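*Asks:* First, the structure itself, so that you have it in front of you.
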Amino acid sequence: MREYYSITELTREFDVSTRTLRFYEDEGLVQPVRRGRTRLFRPSDRHLIRQIMRGKRLGFSINEIREIIQMYKEPPGEVGQLNLMIRRIEEKREDLRQKRRDLEETLAELDQAEESCVERLVELGVNT
């Protein structure tokens with residue numbers, strides 16, 4: 001295992017900008033070693049970046065990701081982190097289910113509006 005990774009290596013690996021990694025640093029999510037102006041990321045930082053990216057893909061906010069990461073670092077530790085993650089996943093799942101219901105309702109309204117337009121065009125003697 002390597003001792004350090006450069007910011008360029010991690011931006012390429014995770015397909016993010018250097019600005020994104022600096023943002024994660026500013027937010028306290030990762031803490032690279034500084035050698036002058038150079039940031040050197042430890043394997044643990046690389047792991048955290050992987051977890052952050054996963055959280056973002058799942059729809060978690062930076063604050064939610066920070067909360068989950070902090071839970072791991074402090075008591076109740078991994079068990080608490082896993083339980084929190086399960087709760088957050090269920091919340092996200094319910095949010096997505098609600099969005100799906102909203103989309104289905106909107107699509108039904110659009111279908112009804114389109115049908116009304118077509119019916120009116122027929123009444124007006126216009127072929128569609």
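Simple scheme: letters A, B, ... for chains in structure tokens order, numbers from 1 for residues in each chain, numbers from 1 for ligands in the order shown.
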Among chain A, which residues does DSSP mark as strand (DSSP E) when it is run on the backbone? Keep the chain and numbering as in the structure and answer as a PyMOL selection string.
*Replies:* chain A and resi 5-6+33-35+38-41
*Asks:* Per DSSP on the backbone, what are the helix (DSSP H, G or I) residues of stretch 13-122 of chain A, as a PyMOL selection string?
*Replies:* chain A and resi 13-14+18-26+43-57+62-73+77-122
*Asks:* My list of candidates is A:Asp102, A:Phe14, A:Asp95, A:Glu67. Which is closest to A:Leu82 when distances are computed with only C-alpha atoms?
*Replies:* A:Glu67
*Asks:* Using Å and a single decimal, report how far atom CA of A:Val79 sits from atom CA of A:Ile65.
*Replies:* 16.0 Å
*Asks:* Find the residues near A:Arg46: any atom within 10 Å, counting only C-alpha atoms, skip ones fewer than 3 places away on the same chain, and give them as a list in words.
*Replies:*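 Final neighbour list, sorted by chain and number: Tyr4, Tyr5, Leu10, Glu13, Phe14, Val30, Pro32, Phe41, Arg42, Pro43, Ile49, Arg50, Gln51 and Ile52 of chain A.
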*Asks:* Skipping near chain neighbours, those fewer than 6 positions away, what residues fall within 10 Å of A:Leu58 using only C-alpha atoms, listed as a PyMOL selection string?
*Replies:* chain A and resi 52+89+92-93
*Asks:* Which value, in Å to one decimal, gives the distance between atom CA of A:Phe60 and atom CA of A:Gln81?
*Replies:*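 Rounded to one decimal, the two atoms are 14.3 Å apart.
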